[in-house]
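Shown here: input-v6.txt, compact mmCIF, C-alpha atoms.
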# COMPACT_ATOMS: atom_id res chain seq x y z
CA MET Y 45 1.60 -2.59 -19.38
CA LEU Y 46 1.31 -1.79 -15.67
CA ALA Y 47 4.01 -3.41 -13.57
CA GLY Y 48 1.97 -4.26 -10.44
CA GLU Y 49 3.68 -7.09 -8.58
CA ALA Y 50 6.97 -6.47 -10.39
CA SER Y 51 7.58 -3.68 -7.88
CA ASP Y 52 5.92 -5.11 -4.75
CA PHE Y 53 3.67 -8.04 -3.85
CA GLN Y 54 1.30 -5.46 -2.33
CA SER Y 55 0.73 -3.89 -5.75
CA GLY Y 56 -0.86 -6.90 -7.43
CA LEU Y 57 -4.48 -7.84 -8.00
CA ASP Y 58 -4.17 -10.97 -5.85
CA TRP Y 59 -3.17 -8.84 -2.86
CA TYR Y 60 -5.99 -6.34 -3.39
CA ARG Y 61 -8.58 -9.08 -3.81
CA LEU Y 62 -7.49 -10.72 -0.57
CA LEU Y 63 -7.44 -7.41 1.30
CA SER Y 64 -10.85 -6.34 -0.02
CA ASN Y 65 -12.53 -9.68 0.67
CA SER Y 66 -11.13 -10.38 4.13
CA ALA Y 67 -9.84 -7.21 5.78
CA LEU Y 68 -11.94 -4.21 4.73
CA PRO Y 69 -15.20 -3.23 6.44
CA GLU Y 70 -16.90 -2.36 3.13
CA PRO Y 71 -15.50 -4.36 0.19
CA ALA Y 72 -18.01 -2.67 -2.14
CA ALA Y 73 -16.36 0.69 -1.43
CA ALA Y 74 -13.14 -0.45 -3.15
CA SER Y 75 -12.49 0.54 -6.76
CA LEU Y 76 -9.72 0.63 -9.33
CA TRP Y 77 -9.36 3.82 -11.38
CA VAL Y 78 -7.53 3.47 -14.69
CA VAL Y 79 -6.11 5.99 -17.16
CA ARG Y 80 -5.74 4.73 -20.73
CA LYS Y 81 -3.82 6.14 -23.68
CA GLU Y 82 -4.94 4.83 -27.04
CA GLY Y 83 -6.67 2.02 -25.25
CA VAL Y 84 -3.61 1.00 -23.23
CA PRO Y 85 -3.72 1.39 -19.41
CA VAL Y 86 -0.95 3.69 -18.17
CA VAL Y 87 -2.12 4.42 -14.60
CA GLY Y 88 -3.96 2.22 -12.11
CA LEU Y 89 -5.03 3.63 -8.75
CA PRO Y 90 -6.76 1.26 -6.26
CA VAL Y 91 -8.74 3.19 -3.65
CA ARG Y 92 -11.66 2.95 -1.28
CA ARG Y 93 -14.20 5.53 -0.14
CA SER Y 94 -14.95 6.09 3.50
CA ALA Y 95 -18.06 8.05 4.47
CA ASP Y 96 -19.30 9.61 7.69
CA LYS Y 97 -21.86 12.25 8.64
CA PHE Y 98 -19.54 15.02 7.44
CA GLY Y 99 -19.00 13.60 3.96
CA CYS Y 100 -16.47 11.21 2.49
CA GLU Y 101 -12.78 10.70 1.81
CA VAL Y 102 -10.85 8.74 -0.81
CA LEU Y 103 -8.23 6.48 0.75
CA SER Y 104 -5.54 4.25 -0.69
CA LEU Y 105 -6.77 0.67 -0.87
CA GLY Y 106 -5.09 -0.60 2.26
CA ASN Y 107 -5.06 -0.56 6.05
CA TYR Y 108 -2.76 -1.65 8.91
CA TYR Y 109 -1.86 -4.77 6.90
CA THR Y 110 -0.32 -2.53 4.23
CA SER Y 111 3.36 -1.58 4.57
CA ARG Y 112 3.77 0.13 1.19
CA PHE Y 113 1.25 1.56 -1.25
CA ALA Y 114 1.85 2.81 -4.77
CA PRO Y 115 -0.31 3.39 -7.82
CA ALA Y 116 0.76 1.43 -10.88
CA ILE Y 117 2.27 3.92 -13.33
CA SER Y 118 3.77 2.89 -16.66
CA ALA Y 119 6.98 4.35 -18.07
CA GLY Y 120 4.98 6.40 -20.59
CA ALA Y 121 2.77 8.14 -18.01
CA ASP Y 122 3.40 11.55 -16.47
CA ALA Y 123 1.92 13.93 -13.89
CA ASN Y 124 -0.69 15.16 -16.37
CA ASP Y 125 -2.15 11.66 -16.53
CA LEU Y 126 -2.46 11.62 -12.74
CA ALA Y 127 -3.97 15.12 -12.77
CA SER Y 128 -6.58 13.98 -15.30
CA LEU Y 129 -7.45 11.05 -13.06
CA PHE Y 130 -7.85 13.20 -9.93
CA HIS Y 131 -9.93 15.77 -11.87
CA THR Y 132 -12.32 12.97 -12.77
CA MET Y 133 -12.40 11.58 -9.24
CA ARG Y 134 -13.26 15.03 -7.85
CA LYS Y 135 -16.47 14.99 -9.88
CA GLN Y 136 -17.72 11.85 -8.19
CA ARG Y 137 -20.67 12.33 -5.85
CA PRO Y 138 -20.69 12.75 -2.97
CA ARG Y 139 -17.63 14.91 -3.43
CA ALA Y 140 -14.64 13.80 -1.40
CA ARG Y 141 -13.32 16.33 1.08
CA ALA Y 142 -9.83 14.81 0.97
CA PHE Y 143 -7.60 12.20 -0.62
CA LEU Y 144 -5.29 10.21 1.68
CA LEU Y 145 -2.68 8.00 0.04
CA SER Y 146 -0.19 6.11 2.20
CA PRO Y 147 2.25 4.63 3.12
CA MET Y 148 4.48 5.46 0.14
CA ASP Y 149 8.18 5.55 -0.70
CA PRO Y 150 8.92 9.32 -0.79
CA ASP Y 151 11.84 8.80 -3.19
CA SER Y 152 9.85 6.79 -5.69
CA ARG Y 153 8.64 7.95 -9.08
CA GLU Y 154 5.10 6.96 -8.08
CA TYR Y 155 5.15 9.24 -5.04
CA LEU Y 156 6.55 12.21 -6.94
CA LEU Y 157 4.11 11.87 -9.84
CA THR Y 158 1.16 11.37 -7.51
CA ARG Y 159 2.04 14.48 -5.53
CA ALA Y 160 2.45 16.53 -8.71
CA GLY Y 161 -0.79 15.14 -10.14
CA LEU Y 162 -2.78 16.03 -7.02
CA LYS Y 163 -1.44 19.59 -7.11
CA ALA Y 164 -2.15 19.95 -10.84
CA ALA Y 165 -5.72 18.81 -10.20
CA GLY Y 166 -6.28 21.79 -7.90
CA LEU Y 167 -5.95 20.01 -4.57
CA ALA Y 168 -3.95 21.34 -1.60
CA VAL Y 169 -1.32 18.69 -0.88
CA PHE Y 170 0.57 18.03 2.36
CA PRO Y 171 3.11 15.23 2.88
CA TYR Y 172 3.31 13.52 6.27
CA PHE Y 173 5.56 10.96 7.94
CA CYS Y 174 4.17 7.42 8.43
CA PHE Y 175 6.96 5.25 9.86
CA GLY Y 176 10.58 4.21 9.59
CA ASN Y 177 11.57 1.19 7.51
CA TRP Y 178 14.70 -0.88 8.29
CA TYR Y 179 16.22 -2.97 5.52
CA LEU Y 180 19.32 -4.87 4.43
CA PRO Y 181 20.63 -4.35 0.88
CA LEU Y 182 22.53 -7.32 -0.56
CA THR Y 183 24.64 -7.37 -3.70
CA ALA Y 184 24.28 -10.55 -5.73
CA GLY Y 185 26.70 -13.19 -4.48
CA ALA Y 186 28.56 -10.70 -2.31
CA SER Y 187 28.20 -12.57 0.97
CA SER Y 188 27.14 -15.82 2.55
CA ALA Y 189 24.80 -16.14 5.49
CA ASP Y 190 27.80 -16.94 7.69
CA GLN Y 191 29.48 -13.69 6.68
CA TYR Y 192 26.30 -11.77 7.34
CA LEU Y 193 25.79 -13.35 10.76
CA ALA Y 194 29.42 -12.80 11.69
CA ALA Y 195 28.82 -9.06 11.22
CA ARG Y 196 25.90 -8.94 13.67
CA PRO Y 197 26.38 -7.39 17.14
CA GLY Y 198 28.22 -9.55 19.65
CA GLU Y 199 25.10 -10.03 21.78
CA VAL Y 200 23.20 -11.45 18.80
CA ARG Y 201 26.03 -13.83 17.89
CA SER Y 202 26.31 -15.00 21.50
CA THR Y 203 22.55 -15.55 21.74
CA LEU Y 204 22.52 -17.65 18.56
CA ARG Y 205 25.41 -19.83 19.78
CA ARG Y 206 23.98 -20.45 23.23
CA MET Y 207 20.32 -20.82 22.28
CA SER Y 208 20.97 -23.07 19.28
CA LYS Y 209 22.66 -25.55 21.60
CA ARG Y 210 20.04 -25.30 24.35
CA PHE Y 211 17.12 -25.49 21.93
CA GLY Y 212 18.49 -28.53 20.15
CA THR Y 213 19.36 -30.32 23.39
CA ASP Y 214 15.81 -29.86 24.68
CA GLY Y 215 14.22 -31.29 21.52
CA GLY Y 216 13.78 -28.11 19.50
CA ARG Y 217 13.92 -27.81 15.73
CA ILE Y 218 13.34 -25.20 13.03
CA GLU Y 219 11.08 -25.95 10.07
CA LEU Y 220 10.71 -23.83 6.93
CA ILE Y 221 7.49 -24.30 4.97
CA LEU Y 222 7.75 -23.03 1.40
CA ASP Y 223 4.95 -24.52 -0.68
CA GLU Y 224 1.34 -25.67 -0.85
CA PRO Y 225 1.66 -29.28 0.41
CA GLY Y 226 2.43 -28.09 3.95
CA VAL Y 227 0.35 -24.93 3.98
CA GLU Y 228 -2.61 -26.03 6.12
CA ARG Y 229 -0.30 -27.48 8.78
CA ALA Y 230 1.68 -24.23 8.62
CA ILE Y 231 -1.47 -22.16 9.15
CA ALA Y 232 -2.46 -24.28 12.15
CA ALA Y 233 0.99 -23.86 13.73
CA TYR Y 234 1.12 -20.11 12.99
CA THR Y 235 -2.38 -19.62 14.43
CA ALA Y 236 -1.50 -21.54 17.59
CA VAL Y 237 1.64 -19.48 18.16
CA TYR Y 238 -0.12 -16.19 17.52
CA ALA Y 239 -2.93 -17.10 19.95
CA ALA Y 240 -0.35 -17.89 22.65
CA SER Y 241 1.71 -14.75 22.02
CA TRP Y 242 1.48 -11.32 23.62
CA LYS Y 243 -0.19 -9.87 20.53
CA VAL Y 244 -3.80 -8.74 20.41
CA PRO Y 245 -6.11 -10.98 18.37
CA GLU Y 246 -6.27 -10.26 14.66
CA PRO Y 247 -9.23 -7.97 13.89
CA HIS Y 248 -9.79 -9.87 10.64
CA PRO Y 249 -9.07 -13.55 11.41
CA ASP Y 250 -9.43 -14.70 7.79
CA PHE Y 251 -6.74 -12.40 6.42
CA MET Y 252 -3.54 -14.10 7.60
CA PRO Y 253 -4.60 -17.65 6.64
CA GLY Y 254 -5.64 -16.25 3.26
CA LEU Y 255 -2.29 -14.50 2.85
CA ILE Y 256 -0.34 -17.65 3.74
CA ARG Y 257 -2.35 -19.65 1.18
CA LEU Y 258 -1.82 -16.93 -1.44
CA CYS Y 259 1.93 -16.89 -0.81
CA ALA Y 260 2.09 -20.69 -1.06
CA ARG Y 261 0.17 -20.67 -4.34
CA ARG Y 262 2.36 -17.93 -5.84
CA GLY Y 263 5.68 -19.38 -4.63
CA TRP Y 264 6.34 -16.49 -2.23
CA LEU Y 265 5.96 -18.39 1.04
CA ARG Y 266 8.81 -18.55 3.54
CA LEU Y 267 7.13 -19.51 6.82
CA GLY Y 268 9.43 -20.46 9.68
CA ILE Y 269 8.15 -22.47 12.64
CA ALA Y 270 10.17 -23.17 15.80
CA TRP Y 271 9.01 -26.46 17.34
CA LEU Y 272 9.81 -27.64 20.86
CA LYS Y 273 9.18 -31.34 20.48
CA GLU Y 274 5.61 -31.31 19.07
CA GLN Y 275 4.63 -27.79 20.16
CA PRO Y 276 5.04 -24.72 17.90
CA ILE Y 277 6.52 -21.92 20.02
CA ALA Y 278 7.42 -19.26 17.43
CA ALA Y 279 6.49 -18.39 13.86
CA GLN Y 280 7.63 -15.89 11.24
CA LEU Y 281 6.04 -15.19 7.87
CA TRP Y 282 8.47 -13.89 5.26
CA ILE Y 283 7.38 -13.15 1.71
CA VAL Y 284 9.86 -13.43 -1.16
CA ASN Y 285 8.86 -11.62 -4.35
CA GLU Y 286 10.93 -10.13 -7.17
CA GLY Y 287 14.21 -10.46 -5.29
CA ARG Y 288 12.96 -8.96 -2.01
CA ALA Y 289 12.42 -10.83 1.23
CA CYS Y 290 9.83 -9.06 3.36
CA VAL Y 291 9.53 -9.90 7.04
CA TYR Y 292 5.77 -9.64 7.29
CA LYS Y 293 4.62 -11.15 10.60
CA LEU Y 294 6.32 -12.67 13.62
CA ALA Y 295 5.17 -14.00 16.97
CA TYR Y 296 6.36 -16.25 19.76
CA ASP Y 297 4.95 -17.85 22.88
CA SER Y 298 6.45 -15.78 25.71
CA GLN Y 299 6.64 -18.73 28.12
CA PHE Y 300 9.45 -20.07 25.89
CA ALA Y 301 11.37 -16.79 25.63
CA ARG Y 302 14.35 -18.46 27.34
CA TYR Y 303 15.17 -20.14 24.02
CA SER Y 304 15.13 -16.87 22.01
CA PRO Y 305 13.12 -18.69 19.31
CA GLY Y 306 12.57 -15.48 17.34
CA SER Y 307 16.31 -14.96 16.91
CA LEU Y 308 16.81 -18.59 15.89
CA LEU Y 309 14.03 -18.31 13.31
CA THR Y 310 15.42 -15.05 11.92
CA ALA Y 311 18.86 -16.59 11.48
CA SER Y 312 17.39 -19.62 9.66
CA LEU Y 313 15.26 -17.50 7.35
CA ILE Y 314 18.19 -15.17 6.65
CA ARG Y 315 20.18 -18.19 5.54
CA GLN Y 316 17.33 -19.28 3.25
CA VAL Y 317 16.86 -15.93 1.53
CA ILE Y 318 20.58 -15.18 1.14
CA GLU Y 319 21.89 -18.56 0.04
CA VAL Y 320 18.88 -20.15 -1.68
CA ASP Y 321 16.60 -17.35 -2.83
CA ARG Y 322 19.55 -15.01 -3.56
CA VAL Y 323 17.52 -11.88 -2.79
CA HIS Y 324 18.95 -8.42 -3.25
CA GLU Y 325 17.16 -7.00 -0.19
CA VAL Y 326 15.67 -8.01 3.15
CA ASP Y 327 12.95 -5.61 4.32
CA TYR Y 328 11.53 -5.33 7.86
CA LEU Y 329 8.66 -3.26 6.45
CA THR Y 330 7.10 -1.29 9.30
CA GLY Y 331 8.46 0.52 12.32
CA ASP Y 332 11.56 1.58 14.20
CA ASP Y 333 11.61 -1.26 16.75
CA ALA Y 334 15.05 -1.37 18.37
CA TYR Y 335 15.69 -5.07 17.62
CA LYS Y 336 15.52 -4.42 13.88
CA GLN Y 337 18.79 -2.51 14.06
CA ASP Y 338 20.51 -5.72 15.19
CA TRP Y 339 19.58 -7.43 11.91
CA MET Y 340 19.33 -4.64 9.33
CA THR Y 341 21.89 -2.05 8.26
CA HIS Y 342 19.91 0.76 6.59
CA ARG Y 343 16.87 2.89 7.37
CA ARG Y 344 14.48 4.77 5.10
CA GLU Y 345 11.05 6.28 5.62
CA ARG Y 346 7.51 5.85 4.40
CA TRP Y 347 5.39 8.95 3.90
CA GLY Y 348 1.81 9.72 2.99
CA LEU Y 349 0.02 12.43 1.05
CA VAL Y 350 -3.14 14.15 2.21
CA ALA Y 351 -4.82 16.39 -0.37
CA TYR Y 352 -7.77 18.60 0.54
CA ASP Y 353 -10.40 19.69 -1.97
CA PRO Y 354 -10.86 23.45 -1.36
CA SER Y 355 -14.09 23.47 -3.41
CA SER Y 356 -15.70 21.15 -0.84
CA PRO Y 357 -16.97 22.94 2.32
CA ALA Y 358 -15.61 20.15 4.53
CA GLY Y 359 -12.37 20.10 2.52
CA ALA Y 360 -11.96 23.87 2.88
CA LEU Y 361 -12.45 23.59 6.64
CA LEU Y 362 -9.86 20.85 6.91
CA LEU Y 363 -7.46 22.84 4.76
CA THR Y 364 -7.86 25.86 7.04
CA ARG Y 365 -7.11 23.72 10.07
CA GLU Y 366 -4.06 22.22 8.33
CA LEU Y 367 -2.70 25.66 7.43
CA SER Y 368 -3.27 26.94 10.98
CA ALA Y 369 -1.46 23.94 12.41
CA SER Y 370 1.41 24.41 9.93
CA LEU Y 371 1.81 28.05 10.99
CA SER Y 372 1.73 27.24 14.70
CA ARG Y 373 4.31 24.44 14.63
CA PRO Y 374 7.39 26.73 14.28
CA LEU Y 375 6.08 28.91 17.15
CA ILE Y 376 5.51 25.90 19.40
CA THR Y 377 9.01 24.66 18.62
CA GLN Y 378 10.47 28.09 19.45
CA VAL Y 379 8.53 28.36 22.74
CA ARG Y 380 9.76 24.92 23.79
CA SER Y 381 13.31 25.98 22.96
CA TRP Y 382 12.99 29.13 25.09
CA ALA Y 383 11.43 27.13 27.94
CA GLY Y 384 14.30 24.66 27.81
CA LYS Y 385 16.78 27.50 28.25
CA LEU Y 386 14.86 29.25 31.03
CA ILE Y 387 13.92 26.22 33.12
CA PRO Y 388 16.95 24.61 34.79
CA HIS Y 389 17.46 20.90 34.18
CA ARG Y 390 17.23 18.68 37.23
Reformat the file's structure so that it appears as structure tokens.
Amino acid sequence: MLAGEASDFQSGLDWYRLLSNSALPEPAAASLWVVRKEGVPVVGLPVRRSADKFGCEVLSLGNYYTSRFAPAISAGADANDLASLFHTMRKQRPRARAFLLSPMDPDSREYLLTRAGLKAAGLAVFPYFCFGNWYLPLTAGASSADQYLAARPGEVRSTLRRMSKRFGTDGGRIELILDEPGVERAIAAYTAVYAASWKVPEPHPDFMPGLIRLCARRGWLRLGIAWLKEQPIAAQLWIVNEGRACVYKLAYDSQFARYSPGSLLTASLIRQVIEVDRVHEVDYLTGDDAYKQDWMTHRRERWGLVAYDPSSPAGALLLTRELSASLSRPLITQVRSWAGKLIPHR
């Protein structure tokens, strides 16, 4: 059977239903392609088609809400099964000029088999960098939250000591909402904080409330709210699934930055996932933001695959442009190096 959510909450049908129904411009363009052996599914690839006046592309079923994508591939599947799938997909009309699958774990079996399958299907494949991913590996029972926090940078430890006292003195408290009974109140508080934060409004306003409800229903919800008396001033959504705690969304009201409510929330949620949930990893998901290095200890990368169909006129044109760009990059790098040596630094 296909693992799906056993590897990541973003690989399950519940996630894809939510994403398709609330955060994609054309839900009807989403599809799930399946390879079966003797009637048993061995590969599942969720994708969507995007069309314009020049043709269409096949994209992984995701968008900016997606921090990791992977096809579901059983232990008995191999690259030939992926190649068979992509051969079939190439026959679909209108023919896709390219396949774009991202963001993926470049060290994963799914990534390696997908890349090999695309090549075996006759497509020209190019990997590309998406973003850095900071994370904290934890061995079972190896440390307490106090030990973890004691190892943070001195500035972080000082901030937690000072702000915890100030926040509490001024009527502040931290609340963790973990289940369905408190979910609607949690959504209201999260929405209020997000609206008051520096962040741009959500392009799909139904997605985050839907995700919070899904997490509550599935037992994944770890939503932290910092309250100053009766006003929510910061919120963080963490998702715990299969031993991983994923820091999915965070926001705070900047007029209360003097309390460092984000740091206080992070410390509280860290304590929850280490000492109660006993996770083996905390994952900051997307991006190389400097503050993540204060809390996490390791970095890895997420990469994508773009595969051009050379039998498609538009695909052949894109492939030619990709090859030209690939050839020019070393020259550009060399010219910049020469310029750096010739032009004196000021």
**Distance in Å - atom CA of Arg159 of chain Y versus atom CA of Leu349 of chain Y** =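 For atom CA of Arg159 of chain Y relative to atom CA of Leu349 of chain Y, the distance reads 7.2 Å.
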**Request:** May I ask which of the residues Y:Gln275, Y:Gln337, Y:Thr330, Y:Asn285 is the closest one to Val317 of chain Y, counting only C-alpha atoms?
**Result:**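 Closest residue, counting only C-alpha atoms: Y:Asn285.
Using all atoms listed in the file for every distance, the candidate list Y:Val91, Y:Ala168, Y:Val102, Y:Ala233 yields Y:Ala168 as the residue closest to Thr364 of chain Y.
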**Request:** Name the residues in contact with segment 223-228 of chain Y at a cut-off of 7 Å, using only C-alpha atoms, excluding same-chain residues fewer than 4 positions from it; report them as a ChimeraX atom specification.
**Result:** /Y:232,257,260-261,263,265
Residue subset to file, keeping C-alpha atoms, as a PDB file, keeping the file's coordinate frame:
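And here's again.pdb as it stands now:
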ATOM      1  CA  ALA Y 232      -2.460 -24.280  12.150  1.00  0.00           C
ATOM      2  CA  ARG Y 257      -2.350 -19.650   1.180  1.00  0.00           C
ATOM      3  CA  ALA Y 260       2.090 -20.690  -1.060  1.00  0.00           C
ATOM      4  CA  ARG Y 261       0.170 -20.670  -4.340  1.00  0.00           C
ATOM      5  CA  GLY Y 263       5.680 -19.380  -4.630  1.00  0.00           C
ATOM      6  CA  LEU Y 265       5.960 -18.390   1.040  1.00  0.00           C
TER       7      LEU Y 265
END
**Complete:** Closest of Y:His342, Y:Lys273, Y:Arg266, Y:Arg61 to Glu325 of chain Y, counting all atoms listed in the file, is Y:His342
**Asked** Skipping near chain neighbours, those fewer than 2 positions away, what residues fall within 9 Å of Ile283 of chain Y using all atoms listed in the file, listed as a ChimeraX atom specification?
**Response** /Y:53,259,264-267,281,285,288-292
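The nearest approach to Ala279 of chain Y among the residues Y:Gly166, Y:Glu246, Y:Ser241, Y:Leu255, with only C-alpha atoms taken into account, belongs to Y:Ser241.
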**Request:** Could you tell me which of Y:Leu62, Y:Ile221, Y:Ala73, Y:Leu361 comes closest to Gly268 of chain Y if we count all atoms listed in the file?
**Result:**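 Comparing Y:Leu62, Y:Ile221, Y:Ala73, Y:Leu361 against Gly268 of chain Y, the winner is Y:Ile221.
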**Distance of atom CA of Lys293 of chain Y from atom CA of Leu180 of chain Y, expressed in Å to one decimal place** = 17.1 Å
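Nearest-residue note for Phe251 of chain Y: choosing from Y:Thr203, Y:Gln299, Y:Asn177, Y:Thr110, the minimum distance belongs to Y:Thr110, counting all atoms listed in the file.
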Centre, edges in Å (one decimal): axis-aligned box, segment 108-121 of chain Y, 6 Å padding on all six sides, as lines of an AutoDock Vina configuration file:
center_x = 2.1
center_y = 1.7
center_z = -5.8
size_x = 21.7
size_y = 24.9
size_z = 41.5
**Prompt:** Interatomic distance between atom CA of Pro354 of chain Y and atom CA of Arg141 of chain Y?
**Reply:**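 Between atom CA of Pro354 of chain Y and atom CA of Arg141 of chain Y the gap is 7.9 Å.
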**Item:** 6 Å contact set for segment 122-138 of chain Y, all atoms listed in the file, chain neighbours under 6 positions out, as a list in words
**Value:**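 Residues meeting the cut-off are Leu157, Ala160, Gly161, Leu162, Ala164 and Ala165 of chain Y.
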**Item:** Polymer residues at most 10 Å from Pro90 of chain Y, only C-alpha atoms, same-chain spacing of 5 or more positions, as a PyMOL selection string
**Value:** chain Y and resi 55+57+60+74-78+103-106+113-116
**Nearby residues (only C-alpha atoms) at most 9 Å from Leu167 of chain Y, same-chain spacing under 4 positions excluded, as a PyMOL selection string** = chain Y and resi 130+142-143+162-163+351-355
